[in-house]
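Asker: This is the structure I want to talk about, given as structure tokens.
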Amino acid sequence: EKYWKVIDPLTYATKKLKNKVLMINAEKDTYIQRTFTEQLWKKLGKPRIIWLPTGHVGFVMYFKRVMRETLRFLEQRFNG
């Protein structure tokens, strides 16, 4: 537990980060349970979250969409 805390995103999550975070997650992820993702999402103040209809490894099939959404987020974040 001591070692996990160092790498657990919940350790560092705060609602102050809400507008600085875009979460992109796989709906059918078998490696990272949805409950963990939702815990992080809540602790961050419920930032925008995109659920892709895939599993953890299939995420790569949505590369273009991930890049598009990421660039849109960064443009809004830094260009106001």
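Identifiers in this document derive from the order of the structure tokens: chains are assigned A, B, ..., residues are numbered from 1 separately in each chain, and ligands are numbered from 1 in order of occurrence.
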When you look at region 23-26 of chain A with a cut-off of 8 Å (counting only C-alpha atoms), what residues show up, excluding the ones that are within fewer than 2 positions of it in the same chain? I need them as a PyMOL selection string.
Answerer: chain A and resi 21+28-29+37+41+47-56+59+66
Asker: List every residue of chain A that DSSP, applied to the backbone of this structure, places in alpha helix (DSSP H), and write the result as a PyMOL selection string.
Answerer: chain A and resi 2-7+34-43+63-79
Asker: Could those residues be written to a file, using N, CA, C and O atoms, as a CSV table (one decimal), in the first residue's frame?
Answerer:
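What landed in selection17.csv:
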chain,number,residue,atom,x,y,z
A,2,LYS,N,1.9,1.2,0.8
A,2,LYS,CA,2.9,2.4,0.8
A,2,LYS,C,3.4,2.7,-0.5
A,2,LYS,O,3.5,3.9,-0.9
A,3,TYR,N,3.8,1.7,-1.3
A,3,TYR,CA,4.4,1.9,-2.6
A,3,TYR,C,3.4,2.3,-3.6
A,3,TYR,O,3.7,3.1,-4.5
A,4,TRP,N,2.2,1.8,-3.6
A,4,TRP,CA,1.1,2.1,-4.5
A,4,TRP,C,0.8,3.5,-4.4
A,4,TRP,O,0.5,4.2,-5.4
A,5,LYS,N,0.7,4.1,-3.2
A,5,LYS,CA,0.3,5.5,-2.9
A,5,LYS,C,1.2,6.4,-3.7
A,5,LYS,O,0.7,7.5,-4.2
A,6,VAL,N,2.4,6.1,-3.9
A,6,VAL,CA,3.4,7.0,-4.7
A,6,VAL,C,3.0,7.1,-6.1
A,6,VAL,O,3.1,8.2,-6.7
A,7,ILE,N,2.4,6.1,-6.7
A,7,ILE,CA,2.1,6.1,-8.1
A,7,ILE,C,0.6,6.3,-8.4
A,7,ILE,O,0.1,6.4,-9.5
A,34,ARG,N,-13.4,0.5,-14.1
A,34,ARG,CA,-14.1,1.8,-14.2
A,34,ARG,C,-14.3,2.5,-12.9
A,34,ARG,O,-14.3,3.7,-12.8
A,35,THR,N,-14.5,1.7,-11.8
A,35,THR,CA,-14.7,2.4,-10.5
A,35,THR,C,-13.5,3.2,-10.1
A,35,THR,O,-13.6,4.3,-9.5
A,36,PHE,N,-12.3,2.8,-10.5
A,36,PHE,CA,-11.1,3.6,-10.2
A,36,PHE,C,-11.0,4.9,-11.0
A,36,PHE,O,-10.7,5.9,-10.5
A,37,THR,N,-11.4,4.7,-12.3
A,37,THR,CA,-11.5,5.9,-13.1
A,37,THR,C,-12.5,6.9,-12.6
A,37,THR,O,-12.3,8.1,-12.5
A,38,GLU,N,-13.7,6.4,-12.2
A,38,GLU,CA,-14.7,7.3,-11.7
A,38,GLU,C,-14.3,7.9,-10.3
A,38,GLU,O,-14.6,9.1,-10.1
A,39,GLN,N,-13.5,7.2,-9.5
A,39,GLN,CA,-13.0,7.8,-8.3
A,39,GLN,C,-12.1,9.0,-8.6
A,39,GLN,O,-12.2,10.1,-7.9
A,40,LEU,N,-11.2,8.8,-9.5
A,40,LEU,CA,-10.3,9.9,-9.9
A,40,LEU,C,-11.1,11.0,-10.5
A,40,LEU,O,-10.8,12.2,-10.1
A,41,TRP,N,-12.0,10.7,-11.4
A,41,TRP,CA,-12.9,11.8,-12.0
A,41,TRP,C,-13.6,12.6,-10.9
A,41,TRP,O,-13.6,13.9,-11.0
A,42,LYS,N,-14.1,12.0,-9.9
A,42,LYS,CA,-14.8,12.7,-8.9
A,42,LYS,C,-13.9,13.5,-8.0
A,42,LYS,O,-14.1,14.7,-7.7
A,43,LYS,N,-12.7,13.0,-7.7
A,43,LYS,CA,-11.7,13.7,-6.9
A,43,LYS,C,-11.2,14.9,-7.6
A,43,LYS,O,-10.8,15.9,-7.0
A,63,PHE,N,-6.7,6.5,-32.1
A,63,PHE,CA,-5.6,7.5,-32.1
A,63,PHE,C,-6.0,8.8,-32.6
A,63,PHE,O,-5.7,9.9,-32.0
A,64,LYS,N,-6.6,8.9,-33.8
A,64,LYS,CA,-6.9,10.1,-34.4
A,64,LYS,C,-7.9,10.9,-33.6
A,64,LYS,O,-7.8,12.1,-33.4
A,65,ARG,N,-8.9,10.3,-33.0
A,65,ARG,CA,-9.9,10.9,-32.2
A,65,ARG,C,-9.2,11.5,-30.9
A,65,ARG,O,-9.5,12.6,-30.5
A,66,VAL,N,-8.4,10.6,-30.3
A,66,VAL,CA,-7.7,11.1,-29.1
A,66,VAL,C,-6.8,12.3,-29.4
A,66,VAL,O,-6.8,13.3,-28.6
A,67,MET,N,-6.1,12.3,-30.5
A,67,MET,CA,-5.3,13.5,-30.9
A,67,MET,C,-6.2,14.7,-31.1
A,67,MET,O,-5.8,15.8,-30.7
A,68,ARG,N,-7.3,14.5,-31.8
A,68,ARG,CA,-8.2,15.6,-32.1
A,68,ARG,C,-8.7,16.2,-30.8
A,68,ARG,O,-8.7,17.4,-30.6
A,69,GLU,N,-9.2,15.4,-29.9
A,69,GLU,CA,-9.8,15.8,-28.7
A,69,GLU,C,-8.7,16.5,-27.8
A,69,GLU,O,-9.0,17.5,-27.1
A,70,THR,N,-7.5,15.9,-27.8
A,70,THR,CA,-6.4,16.5,-27.0
A,70,THR,C,-6.0,17.9,-27.5
A,70,THR,O,-5.9,18.8,-26.7
A,71,LEU,N,-5.9,18.0,-28.8
A,71,LEU,CA,-5.6,19.3,-29.4
A,71,LEU,C,-6.6,20.3,-29.1
A,71,LEU,O,-6.3,21.5,-28.8
A,72,ARG,N,-7.9,19.9,-29.2
A,72,ARG,CA,-9.0,20.8,-28.9
A,72,ARG,C,-8.9,21.3,-27.5
A,72,ARG,O,-9.1,22.5,-27.2
A,73,PHE,N,-8.7,20.4,-26.6
A,73,PHE,CA,-8.6,20.7,-25.2
A,73,PHE,C,-7.4,21.7,-24.9
A,73,PHE,O,-7.6,22.7,-24.2
A,74,LEU,N,-6.3,21.4,-25.5
A,74,LEU,CA,-5.1,22.3,-25.3
A,74,LEU,C,-5.4,23.7,-25.9
A,74,LEU,O,-5.0,24.7,-25.3
A,75,GLU,N,-6.0,23.7,-27.0
A,75,GLU,CA,-6.3,25.0,-27.6
A,75,GLU,C,-7.2,25.8,-26.7
A,75,GLU,O,-7.0,27.0,-26.5
A,76,GLN,N,-8.2,25.2,-26.2
A,76,GLN,CA,-9.2,25.9,-25.3
A,76,GLN,C,-8.5,26.3,-24.0
A,76,GLN,O,-8.7,27.4,-23.5
A,77,ARG,N,-7.7,25.4,-23.5
A,77,ARG,CA,-7.0,25.7,-22.3
A,77,ARG,C,-6.0,26.8,-22.4
A,77,ARG,O,-5.9,27.7,-21.4
A,78,PHE,N,-5.3,26.9,-23.5
A,78,PHE,CA,-4.2,27.9,-23.5
A,78,PHE,C,-4.5,29.1,-24.4
A,78,PHE,O,-3.9,30.1,-24.4
A,79,ASN,N,-5.6,29.1,-25.2
A,79,ASN,CA,-6.0,30.2,-26.0
A,79,ASN,C,-7.3,30.9,-25.5
A,79,ASN,O,-7.8,31.8,-26.1
Asker: Between CA of Lys20 (chain A) and CA of Gly45 (chain A), what distance in Å does the model show, to one decimal?
Answerer: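 Between CA of Lys20 (chain A) and CA of Gly45 (chain A) the gap is 10.7 Å.
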Asker: Distance CA of Leu44 (chain A)-CA of Tyr31 (chain A), one decimal place?
Answerer: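 Between CA of Leu44 (chain A) and CA of Tyr31 (chain A) the gap is 21.0 Å.
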Asker: As an exercise, work out the distance from CA of Thr11 (chain A) to CA of Val60 (chain A) in Å and give it to one decimal place.
Answerer: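 If I compute the distance from CA of Thr11 (chain A) to CA of Val60 (chain A), I get 27.3 Å.
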